[in-house]
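Here is the structure we will look at, set down as structure tokens.
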Amino acid sequence: MRKQPKARTTKSKSRQDAFVDIQDRVSKQKDDTEVSLQVKMTRLGGKVLEMKKVYKSYGDKPILSGFDYTFKRGERIGIVGKNGVGKSTFLKIALQQEIPDSGKINHGETVVFGNFNQEGLQYKEDKRAIEYVKDFAEFFPLADGSKISATQFMEKFGFSAEQQYTPLSKLSGGEKRRLHLLSILFLNPNFLILDEPTNDLDLQTLRTLEEFLLDFPGCILIVSHDRYFMDRMVEHLFAFEGEGVIRDFPGNYTQYRNWKDKDDLADSRQEVINNKQPKDNVQSGTSKGQVIPAKKVSFKEKHEFETIEKELPLFQNEKKMLEEK
């Protein structure tokens with residue numbers, strides 16, 4: 001717009017009119033989104049969720065080893081870790097959908113869970129999308145005491161009038177996931193459990209979800225590999241490090257990764273130092289006092305380690321630039 005010629009030719013005027021039209025639509029969309037975020041949450045009492053000395057394993061593989069935590073009102077906790085370490089199992093145990101080997105799970109009387117899991121949309125009848133949502137409730141309560149209809153709420157999550165009357169079986173995978181999400185939020189929970197919520201969501205729905213969660217006054221427990229999303233949503237982490245070890249980290253995802261990188265680098269340095277130190281080991285079957293020479297770090301290994309140390313700050317800067325983009 002700034003580069004448009006001052007003379008109001010037909011071509012430049014049409015571009016200016018198009019810009020104004022887009023600007024109005026964006027502003028209207030932002031206003032519409034804000035309306036849906038004024039949530040009237042179900043009241044949450046003092047007791048929320050307690051997990052006491054919880055143990056769980058599958059055969060020889062430990063998932064939880066004496067996990068102990070009392071959730072407080074308004075907490076936003078992220079769960080991170082490699083695939084297969086038990087993050088989804090942990091959520092099922094917290095919801096009492098799976099029984100631990102030992103320990104206690106206590107739910108507060110006023111807790112209303114909203115569970116967005118990876119199993120996706122579950123339905124017995126092939127209803128229209130709007131009918132599926134209305135089975136939960138006809139209206140969604142707002143903080144100012146007013147309500148919006150199921151139709152209006154679906155519009156906030158990108159369902160056009162045509163899509164609302166589409167049979168569930170005809171929806172795409174992304175649309176089904178979006179419908180699953182909004183049907184959970186429509187129940188007005190005060191404790192949200194979200195397992196990989198950003199998968200398969202389009203940008204508009206993701207933006208709406210982020211705004212909803214930022215304004216959400218209840219508890220949130222999120223499993224996600226999306227660093228940007230986690231950094232915006234959570235205040236501390238449960239880091240699943242394998243073998244039943246869960247680290248309670250006071251910070252967001254980026255802070256945890258930075259700490260983890262420094263910790264791994266320190267371990268690597270210590271390993272190199274240990275390899276350089278001679279060990280007075282005596283090999284069995286040899287004459288008494290025969291010392292095995294310590295394994296030396298090769299020139300190639302030493303050069304590689306020094307190169308990594310020099311390149312690491314460059315990669316960290318590049319990583320920071322990519323995250324900002």
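By order of appearance in the structure tokens: chains A, B, ..., then residues from 1 within every chain, and ligands from 1 in the order shown.
Residues of segment 194-233 of chain A that DSSP, applied to the backbone, places in alpha helix (DSSP H): Leu203, Gln204, Thr205, Leu206, Arg207, Thr208, Leu209, Glu210, Glu211, Phe212, Leu213, Leu214, Asp215, Arg227, Tyr228, Phe229, Met230, Asp231, Arg232 and Met233 of chain A.
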Would you tabulate, counting only C-alpha atoms, all residues of segment 50-133 of chain A that have an atom at most 10 Å from an atom of segment 171-191 of chain A, showing the closest pair of atoms and their distance in Å to one decimal, sorted by chain then ascending number, as JSON lines?
{"residue": "A:Arg73", "atom": "CA", "partner": "A:Phe191", "partner_atom": "CA", "distance": 9.0}
{"residue": "A:Gly74", "atom": "CA", "partner": "A:Phe191", "partner_atom": "CA", "distance": 8.8}
{"residue": "A:Glu75", "atom": "CA", "partner": "A:Phe191", "partner_atom": "CA", "distance": 9.4}
{"residue": "A:Arg76", "atom": "CA", "partner": "A:Phe191", "partner_atom": "CA", "distance": 9.8}
{"residue": "A:Thr110", "atom": "CA", "partner": "A:Asn190", "partner_atom": "CA", "distance": 8.7}
{"residue": "A:Val111", "atom": "CA", "partner": "A:Asn190", "partner_atom": "CA", "distance": 6.4}
{"residue": "A:Val112", "atom": "CA", "partner": "A:Pro189", "partner_atom": "CA", "distance": 4.8}
{"residue": "A:Phe113", "atom": "CA", "partner": "A:Phe191", "partner_atom": "CA", "distance": 4.9}
{"residue": "A:Gly114", "atom": "CA", "partner": "A:Pro189", "partner_atom": "CA", "distance": 5.3}
{"residue": "A:Asn115", "atom": "CA", "partner": "A:Ile184", "partner_atom": "CA", "distance": 6.9}
{"residue": "A:Phe116", "atom": "CA", "partner": "A:Leu181", "partner_atom": "CA", "distance": 6.3}
{"residue": "A:Asn117", "atom": "CA", "partner": "A:His180", "partner_atom": "CA", "distance": 9.2}
{"residue": "A:Gln118", "atom": "CA", "partner": "A:Arg177", "partner_atom": "CA", "distance": 9.0}
{"residue": "A:Glu119", "atom": "CA", "partner": "A:Arg177", "partner_atom": "CA", "distance": 9.5}
{"residue": "A:Gly120", "atom": "CA", "partner": "A:Arg177", "partner_atom": "CA", "distance": 6.1}
{"residue": "A:Leu121", "atom": "CA", "partner": "A:His180", "partner_atom": "CA", "distance": 5.1}
{"residue": "A:Gln122", "atom": "CA", "partner": "A:His180", "partner_atom": "CA", "distance": 8.2}
{"residue": "A:Arg128", "atom": "CA", "partner": "A:Leu171", "partner_atom": "CA", "distance": 9.7}
{"residue": "A:Ala129", "atom": "CA", "partner": "A:Leu179", "partner_atom": "CA", "distance": 7.7}
{"residue": "A:Ile130", "atom": "CA", "partner": "A:Leu179", "partner_atom": "CA", "distance": 9.5}
{"residue": "A:Tyr132", "atom": "CA", "partner": "A:Ser183", "partner_atom": "CA", "distance": 8.3}
{"residue": "A:Val133", "atom": "CA", "partner": "A:Ser183", "partner_atom": "CA", "distance": 5.8}
Spatial neighbours of segment 51-61 of chain A, max dist 6 Å, only C-alpha atoms, sep filter under 5 positions, as a ChimeraX atom specification: /A:66-69,100-105
Export all heavy atoms of the chosen residues as a JSON list (two decimals), in the first residue's frame?
[["chain", "number", "residue", "atom", "x", "y", "z"],
["A", 66, "GLY", "N", 7.12, -44.37, 41.32],
["A", 66, "GLY", "CA", 6.83, -43.59, 42.53],
["A", 66, "GLY", "C", 6.49, -42.14, 42.24],
["A", 66, "GLY", "O", 6.83, -41.25, 43.02],
["A", 67, "PHE", "N", 5.79, -41.88, 41.12],
["A", 67, "PHE", "CA", 5.44, -40.50, 40.77],
["A", 67, "PHE", "C", 4.50, -39.92, 41.83],
["A", 67, "PHE", "O", 3.51, -40.55, 42.22],
["A", 67, "PHE", "CB", 4.77, -40.44, 39.40],
["A", 67, "PHE", "CG", 4.41, -39.04, 38.96],
["A", 67, "PHE", "CD1", 5.37, -38.20, 38.43],
["A", 67, "PHE", "CD2", 3.11, -38.56, 39.09],
["A", 67, "PHE", "CE1", 5.06, -36.91, 38.04],
["A", 67, "PHE", "CE2", 2.78, -37.28, 38.70],
["A", 67, "PHE", "CZ", 3.76, -36.45, 38.17],
["A", 68, "ASP", "N", 4.80, -38.70, 42.26],
["A", 68, "ASP", "CA", 4.04, -38.08, 43.35],
["A", 68, "ASP", "C", 3.85, -36.59, 43.04],
["A", 68, "ASP", "O", 4.83, -35.85, 42.93],
["A", 68, "ASP", "CB", 4.81, -38.24, 44.68],
["A", 68, "ASP", "CG", 3.94, -37.98, 45.89],
["A", 68, "ASP", "OD1", 3.58, -36.81, 46.12],
["A", 68, "ASP", "OD2", 3.61, -38.94, 46.60],
["A", 69, "TYR", "N", 2.60, -36.18, 42.87],
["A", 69, "TYR", "CA", 2.34, -34.77, 42.57],
["A", 69, "TYR", "C", 0.90, -34.41, 42.90],
["A", 69, "TYR", "O", -0.02, -35.21, 42.68],
["A", 69, "TYR", "CB", 2.61, -34.46, 41.08],
["A", 69, "TYR", "CG", 2.70, -32.99, 40.78],
["A", 69, "TYR", "CD1", 3.88, -32.29, 41.00],
["A", 69, "TYR", "CD2", 1.60, -32.28, 40.31],
["A", 69, "TYR", "CE1", 3.97, -30.93, 40.73],
["A", 69, "TYR", "CE2", 1.67, -30.93, 40.04],
["A", 69, "TYR", "CZ", 2.86, -30.25, 40.26],
["A", 69, "TYR", "OH", 2.94, -28.91, 40.01],
["A", 100, "PRO", "N", -2.93, -48.19, 37.72],
["A", 100, "PRO", "CA", -1.49, -48.30, 37.99],
["A", 100, "PRO", "C", -1.19, -49.59, 38.73],
["A", 100, "PRO", "O", -2.09, -50.23, 39.29],
["A", 100, "PRO", "CB", -1.21, -47.07, 38.85],
["A", 100, "PRO", "CG", -2.50, -46.79, 39.56],
["A", 100, "PRO", "CD", -3.58, -47.17, 38.59],
["A", 101, "ASP", "N", 0.08, -49.97, 38.76],
["A", 101, "ASP", "CA", 0.48, -51.16, 39.52],
["A", 101, "ASP", "C", 0.30, -50.93, 41.02],
["A", 101, "ASP", "O", -0.09, -51.84, 41.76],
["A", 101, "ASP", "CB", 1.94, -51.50, 39.21],
["A", 101, "ASP", "CG", 2.13, -51.87, 37.74],
["A", 101, "ASP", "OD1", 1.15, -52.30, 37.11],
["A", 101, "ASP", "OD2", 3.26, -51.70, 37.23],
["A", 102, "SER", "N", 0.58, -49.71, 41.45],
["A", 102, "SER", "CA", 0.36, -49.32, 42.85],
["A", 102, "SER", "C", 0.30, -47.81, 42.93],
["A", 102, "SER", "O", 0.67, -47.11, 41.99],
["A", 102, "SER", "CB", 1.48, -49.86, 43.75],
["A", 102, "SER", "OG", 2.73, -49.28, 43.40],
["A", 103, "GLY", "N", -0.19, -47.29, 44.05],
["A", 103, "GLY", "CA", -0.34, -45.85, 44.22],
["A", 103, "GLY", "C", -1.80, -45.43, 44.18],
["A", 103, "GLY", "O", -2.70, -46.25, 43.93],
["A", 104, "LYS", "N", -2.05, -44.15, 44.45],
["A", 104, "LYS", "CA", -3.42, -43.64, 44.52],
["A", 104, "LYS", "C", -3.62, -42.47, 43.56],
["A", 104, "LYS", "O", -2.73, -41.63, 43.40],
["A", 104, "LYS", "CB", -3.74, -43.19, 45.94],
["A", 104, "LYS", "CG", -3.81, -44.32, 46.95],
["A", 104, "LYS", "CD", -4.21, -43.80, 48.33],
["A", 104, "LYS", "CE", -4.33, -44.94, 49.33],
["A", 104, "LYS", "NZ", -4.73, -44.45, 50.68],
["A", 105, "ILE", "N", -4.82, -42.42, 42.97],
["A", 105, "ILE", "CA", -5.23, -41.31, 42.10],
["A", 105, "ILE", "C", -6.52, -40.75, 42.70],
["A", 105, "ILE", "O", -7.52, -41.45, 42.80],
["A", 105, "ILE", "CB", -5.50, -41.76, 40.65],
["A", 105, "ILE", "CG1", -4.37, -42.65, 40.12],
["A", 105, "ILE", "CG2", -5.73, -40.55, 39.76],
["A", 105, "ILE", "CD1", -3.06, -41.95, 39.96]]
6 Å contact set for segment 79-96 of chain A, only C-alpha atoms, chain neighbours under 6 positions out, as a PyMOL selection string: chain A and resi 63+222-223+237-240+242
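Here atom CA of Phe305 of chain A and atom CA of Lys260 of chain A stand 18.2 Å from one another.
Minimum distance to Glu109 of chain A across A:Ile246, A:Gly46, A:His225, A:Arg207 (counting only C-alpha atoms) occurs at A:Gly46.
DSSP annotation of segment 145-308 of chain A from backbone atoms: strand (DSSP E) residues are A:Lys147, A:Ile148, A:Ser149, A:Phe191, A:Leu192, A:Ile193, A:Leu194, A:Asp195, A:Cys219, A:Ile220, A:Leu221, A:Ile222, A:Val223, A:His236, A:Leu237, A:Phe238, A:Ala239, A:Phe240, A:Glu241, A:Gly242, A:Val245, A:Ile246, A:Arg247, A:Asp248, A:Phe249.
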C-alpha atoms of the current selection, written as a PDB file, in the first residue's frame:
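Full text of again_35.pdb as output:
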ATOM      1  CA  LYS A 147     -24.524 -17.699  25.557  1.00  0.00           C
ATOM      2  CA  ILE A 148     -23.634 -18.552  22.002  1.00  0.00           C
ATOM      3  CA  SER A 149     -25.306 -21.327  20.044  1.00  0.00           C
ATOM      4  CA  PHE A 191      -9.240 -29.360  33.603  1.00  0.00           C
ATOM      5  CA  LEU A 192      -8.066 -29.857  30.015  1.00  0.00           C
ATOM      6  CA  ILE A 193      -5.882 -32.818  29.063  1.00  0.00           C
ATOM      7  CA  LEU A 194      -4.548 -32.426  25.521  1.00  0.00           C
ATOM      8  CA  ASP A 195      -2.512 -35.166  23.815  1.00  0.00           C
ATOM      9  CA  CYS A 219      -5.822 -26.473  34.719  1.00  0.00           C
ATOM     10  CA  ILE A 220      -4.099 -27.617  31.537  1.00  0.00           C
ATOM     11  CA  LEU A 221      -1.956 -30.718  30.962  1.00  0.00           C
ATOM     12  CA  ILE A 222      -0.449 -30.861  27.454  1.00  0.00           C
ATOM     13  CA  VAL A 223       1.596 -33.459  25.589  1.00  0.00           C
ATOM     14  CA  HIS A 236       6.627 -25.932  33.841  1.00  0.00           C
ATOM     15  CA  LEU A 237       7.253 -29.419  32.499  1.00  0.00           C
ATOM     16  CA  PHE A 238       7.163 -33.084  33.333  1.00  0.00           C
ATOM     17  CA  ALA A 239      10.127 -34.346  31.300  1.00  0.00           C
ATOM     18  CA  PHE A 240       9.947 -38.114  30.723  1.00  0.00           C
ATOM     19  CA  GLU A 241      13.572 -39.229  30.571  1.00  0.00           C
ATOM     20  CA  GLY A 242      12.953 -42.977  30.305  1.00  0.00           C
ATOM     21  CA  VAL A 245      12.275 -41.140  35.540  1.00  0.00           C
ATOM     22  CA  ILE A 246      10.169 -37.954  35.336  1.00  0.00           C
ATOM     23  CA  ARG A 247      11.898 -34.633  35.922  1.00  0.00           C
ATOM     24  CA  ASP A 248       9.754 -31.753  37.221  1.00  0.00           C
ATOM     25  CA  PHE A 249      11.367 -28.848  35.358  1.00  0.00           C
TER      26      PHE A 249
END
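One finds atom CA of Arg269 of chain A at 12.3 Å from atom CA of Glu301 of chain A.
In this model, the gap between atom CA of Leu64 of chain A and atom CA of Glu243 of chain A comes to 7.9 Å.
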